[in-house]
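The structure file query.cif is reproduced below (mmCIF, C-alpha atoms).
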```
data_structure
loop_
_atom_site.group_PDB
_atom_site.id
_atom_site.type_symbol
_atom_site.label_atom_id
_atom_site.label_comp_id
_atom_site.auth_asym_id
_atom_site.auth_seq_id
_atom_site.Cartn_x
_atom_site.Cartn_y
_atom_site.Cartn_z
ATOM 1 C CA MET A 1 118.661 113.267 24.996
ATOM 2 C CA ALA A 2 116.652 110.805 27.067
ATOM 3 C CA THR A 3 113.626 113.096 26.914
ATOM 4 C CA LEU A 4 113.968 113.453 23.146
ATOM 5 C CA LEU A 5 114.266 109.699 22.650
ATOM 6 C CA PHE A 6 111.247 109.128 24.879
ATOM 7 C CA LEU A 7 109.250 111.620 22.793
ATOM 8 C CA GLN A 8 110.288 109.871 19.592
ATOM 9 C CA GLU A 9 109.288 106.499 21.012
ATOM 10 C CA ARG A 10 105.886 107.521 22.393
ATOM 11 C CA GLY A 11 104.791 110.268 20.003
ATOM 12 C CA ARG A 12 102.932 112.260 22.654
ATOM 13 C CA VAL A 13 103.866 112.395 26.325
ATOM 14 C CA THR A 14 102.712 114.189 29.425
ATOM 15 C CA VAL A 15 104.976 115.792 31.995
ATOM 16 C CA PRO A 16 104.075 113.116 34.607
ATOM 17 C CA GLU A 17 104.954 110.357 32.094
ATOM 18 C CA VAL A 18 108.357 111.918 31.367
ATOM 19 C CA ALA A 19 108.999 112.396 35.088
ATOM 20 C CA ALA A 20 108.142 108.769 35.848
ATOM 21 C CA GLU A 21 110.145 107.358 32.933
ATOM 22 C CA LEU A 22 113.272 109.399 33.681
ATOM 23 C CA GLU A 23 112.868 109.262 37.448
ATOM 24 C CA VAL A 24 112.935 113.037 37.886
ATOM 25 C CA SER A 25 110.514 115.559 39.348
ATOM 26 C CA GLU A 26 107.681 116.903 37.221
ATOM 27 C CA ARG A 27 109.278 120.333 37.437
ATOM 28 C CA THR A 28 112.537 118.959 35.982
ATOM 29 C CA ALA A 29 110.624 117.105 33.261
ATOM 30 C CA ARG A 30 108.788 120.309 32.296
ATOM 31 C CA ARG A 31 112.044 122.305 32.237
ATOM 32 C CA ASP A 32 113.668 119.647 30.038
ATOM 33 C CA LEU A 33 110.767 119.717 27.575
ATOM 34 C CA GLU A 34 110.837 123.521 27.493
ATOM 35 C CA ALA A 35 114.620 123.447 26.979
ATOM 36 C CA LEU A 36 114.166 121.157 23.969
ATOM 37 C CA ALA A 37 111.696 123.620 22.469
ATOM 38 C CA ALA A 38 113.980 126.587 23.186
ATOM 39 C CA SER A 39 116.948 124.820 21.565
ATOM 40 C CA GLY A 40 115.175 124.503 18.227
ATOM 41 C CA ILE A 41 113.876 120.934 18.499
ATOM 42 C CA PRO A 42 110.411 120.976 16.869
ATOM 43 C CA VAL A 43 108.520 120.076 20.050
ATOM 44 C CA TYR A 44 105.283 121.684 21.182
ATOM 45 C CA SER A 45 102.789 121.343 23.992
ATOM 46 C CA GLN A 46 99.043 121.071 23.763
ATOM 47 C CA ARG A 47 96.909 121.859 26.790
ATOM 48 C CA GLY A 48 93.742 120.166 27.921
ATOM 49 C CA ARG A 49 92.320 116.694 27.861
ATOM 50 C CA GLY A 50 94.347 114.461 25.573
ATOM 51 C CA GLY A 51 97.122 117.045 25.477
ATOM 52 C CA GLY A 52 100.802 116.647 26.114
ATOM 53 C CA TRP A 53 104.093 117.248 24.390
ATOM 54 C CA SER A 54 104.787 116.076 20.828
ATOM 55 C CA LEU A 55 107.313 116.450 18.067
ATOM 56 C CA VAL A 56 105.936 118.486 15.170
ATOM 57 C CA GLY A 57 104.793 116.176 12.391
ATOM 58 C CA GLY A 58 106.412 113.153 14.038
ATOM 59 C CA ALA A 59 109.865 114.693 13.553
ATOM 60 C CA ARG A 60 112.840 112.442 14.201
ATOM 61 C CA THR A 61 116.458 113.178 14.965
ATOM 62 C CA ASN A 62 119.612 111.468 13.777
ATOM 63 C CA LEU A 63 121.707 111.177 16.916
ATOM 64 C CA THR A 64 124.716 109.647 15.171
ATOM 65 C CA GLY A 65 125.309 112.518 12.768
ATOM 66 C CA LEU A 66 125.976 109.955 10.035
ATOM 67 C CA THR A 67 124.096 109.626 6.780
ATOM 68 C CA ALA A 68 122.467 106.329 5.814
ATOM 69 C CA GLU A 69 125.202 105.762 3.212
ATOM 70 C CA GLU A 70 127.939 106.290 5.824
ATOM 71 C CA ILE A 71 126.318 103.795 8.167
ATOM 72 C CA ARG A 72 126.022 101.199 5.376
ATOM 73 C CA ALA A 73 129.692 101.763 4.482
ATOM 74 C CA LEU A 74 130.724 101.090 8.084
ATOM 75 C CA PHE A 75 128.908 97.762 8.059
ATOM 76 C CA LEU A 76 130.428 96.802 4.698
ATOM 77 C CA VAL A 77 133.967 97.751 5.691
ATOM 78 C CA THR A 78 133.897 95.775 8.923
ATOM 79 C CA GLY A 79 132.697 92.578 7.249
ATOM 80 C CA PRO A 80 133.641 89.581 9.409
ATOM 81 C CA LEU A 81 135.154 91.898 12.016
ATOM 82 C CA SER A 82 131.640 92.805 13.106
ATOM 83 C CA ALA A 83 131.617 89.516 14.997
ATOM 84 C CA THR A 84 133.560 91.057 17.895
ATOM 85 C CA PRO A 85 131.395 92.332 20.740
ATOM 86 C CA GLU A 86 133.248 95.665 20.863
ATOM 87 C CA LEU A 87 132.635 96.410 17.205
ATOM 88 C CA ARG A 88 128.991 95.373 17.371
ATOM 89 C CA THR A 89 128.495 97.749 20.308
ATOM 90 C CA THR A 90 130.213 100.564 18.430
ATOM 91 C CA LEU A 91 128.148 100.032 15.297
#
```
Transcribe the structure of this file into C-alpha cells.
Amino acid sequence: MATLLFLQERGRVTVPEVAAELEVSERTARRDLEALAASGIPVYSQRGRGGGWSLVGGARTNLTGLTAEEIRALFLVTGPLSATPELRTTL
C-alpha cells in the first residue's frame, strides 16, 4: 500500500526513490512494484533516461472502499460528534 500511495503522490518514481522513501532495499522496492503490476494495479515501467514506474493514465485507487456519497453521509450523520478526536481520526 505504501508503494501504491507513493506512486499516486509522485506520478513517476524510480526504484531507488521507492527504496529510499520506504527504507527498503532496491531489490525489495523492485519486487513490490512488480507485485503491484502482477496483482492487476495499472502500473508499468519505462526504461531509459527519464524512465521509472507510473500508474497508467494517472490512475488512482480508492483505499476506503466507500463511494463519495457514503463518505458524505458519514460526515452528515456524525454532525457535532465529529468534534471528538477518535471520530475525526476514523473519518
TODO: Extract, using all atoms listed in the file, all DNA, RNA and protein residues at most 9 Å from Val56 (chain A), discarding same-chain residues fewer than 3 positions from it, and format them as a ChimeraX atom specification.
DONE: /A:41-44,59
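Residues matched by the PyMOL selection byres ((chain A and resi 6) around 12) in this file: A:Met1, A:Ala2, A:Thr3, A:Leu4, A:Leu5, A:Leu7, A:Gln8, A:Glu9, A:Arg10, A:Gly11, A:Arg12, A:Val13, A:Thr14, A:Val15, A:Glu17, A:Val18, A:Ala19, A:Ala20, A:Glu21, A:Leu22, A:Ala29, A:Asp32, A:Leu33, A:Trp53, A:Ser54, A:Leu55, A:Arg60, A:Thr61.
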For the residues selected in the previous step, produce a file with C-alpha atoms as a PDB file, in the coordinates of the input.
```pdb
ATOM      1  CA  MET A   1     118.661 113.267  24.996  1.00  0.00           C
ATOM      2  CA  ALA A   2     116.652 110.805  27.067  1.00  0.00           C
ATOM      3  CA  THR A   3     113.626 113.096  26.914  1.00  0.00           C
ATOM      4  CA  LEU A   4     113.968 113.453  23.146  1.00  0.00           C
ATOM      5  CA  LEU A   5     114.266 109.699  22.650  1.00  0.00           C
ATOM      6  CA  LEU A   7     109.250 111.620  22.793  1.00  0.00           C
ATOM      7  CA  GLN A   8     110.288 109.871  19.592  1.00  0.00           C
ATOM      8  CA  GLU A   9     109.288 106.499  21.012  1.00  0.00           C
ATOM      9  CA  ARG A  10     105.886 107.521  22.393  1.00  0.00           C
ATOM     10  CA  GLY A  11     104.791 110.268  20.003  1.00  0.00           C
ATOM     11  CA  ARG A  12     102.932 112.260  22.654  1.00  0.00           C
ATOM     12  CA  VAL A  13     103.866 112.395  26.325  1.00  0.00           C
ATOM     13  CA  THR A  14     102.712 114.189  29.425  1.00  0.00           C
ATOM     14  CA  VAL A  15     104.976 115.792  31.995  1.00  0.00           C
ATOM     15  CA  GLU A  17     104.954 110.357  32.094  1.00  0.00           C
ATOM     16  CA  VAL A  18     108.357 111.918  31.367  1.00  0.00           C
ATOM     17  CA  ALA A  19     108.999 112.396  35.088  1.00  0.00           C
ATOM     18  CA  ALA A  20     108.142 108.769  35.848  1.00  0.00           C
ATOM     19  CA  GLU A  21     110.145 107.358  32.933  1.00  0.00           C
ATOM     20  CA  LEU A  22     113.272 109.399  33.681  1.00  0.00           C
ATOM     21  CA  ALA A  29     110.624 117.105  33.261  1.00  0.00           C
ATOM     22  CA  ASP A  32     113.668 119.647  30.038  1.00  0.00           C
ATOM     23  CA  LEU A  33     110.767 119.717  27.575  1.00  0.00           C
ATOM     24  CA  TRP A  53     104.093 117.248  24.390  1.00  0.00           C
ATOM     25  CA  SER A  54     104.787 116.076  20.828  1.00  0.00           C
ATOM     26  CA  LEU A  55     107.313 116.450  18.067  1.00  0.00           C
ATOM     27  CA  ARG A  60     112.840 112.442  14.201  1.00  0.00           C
ATOM     28  CA  THR A  61     116.458 113.178  14.965  1.00  0.00           C
TER      29      THR A  61
END
```
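For the atom pair formed by CA of Pro16 (chain A) and CA of Thr28 (chain A), the distance is 10.4 Å, given to one decimal.
What separates CA of Gln46 (chain A) from CA of Val24 (chain A) is a distance of 21.4 Å.
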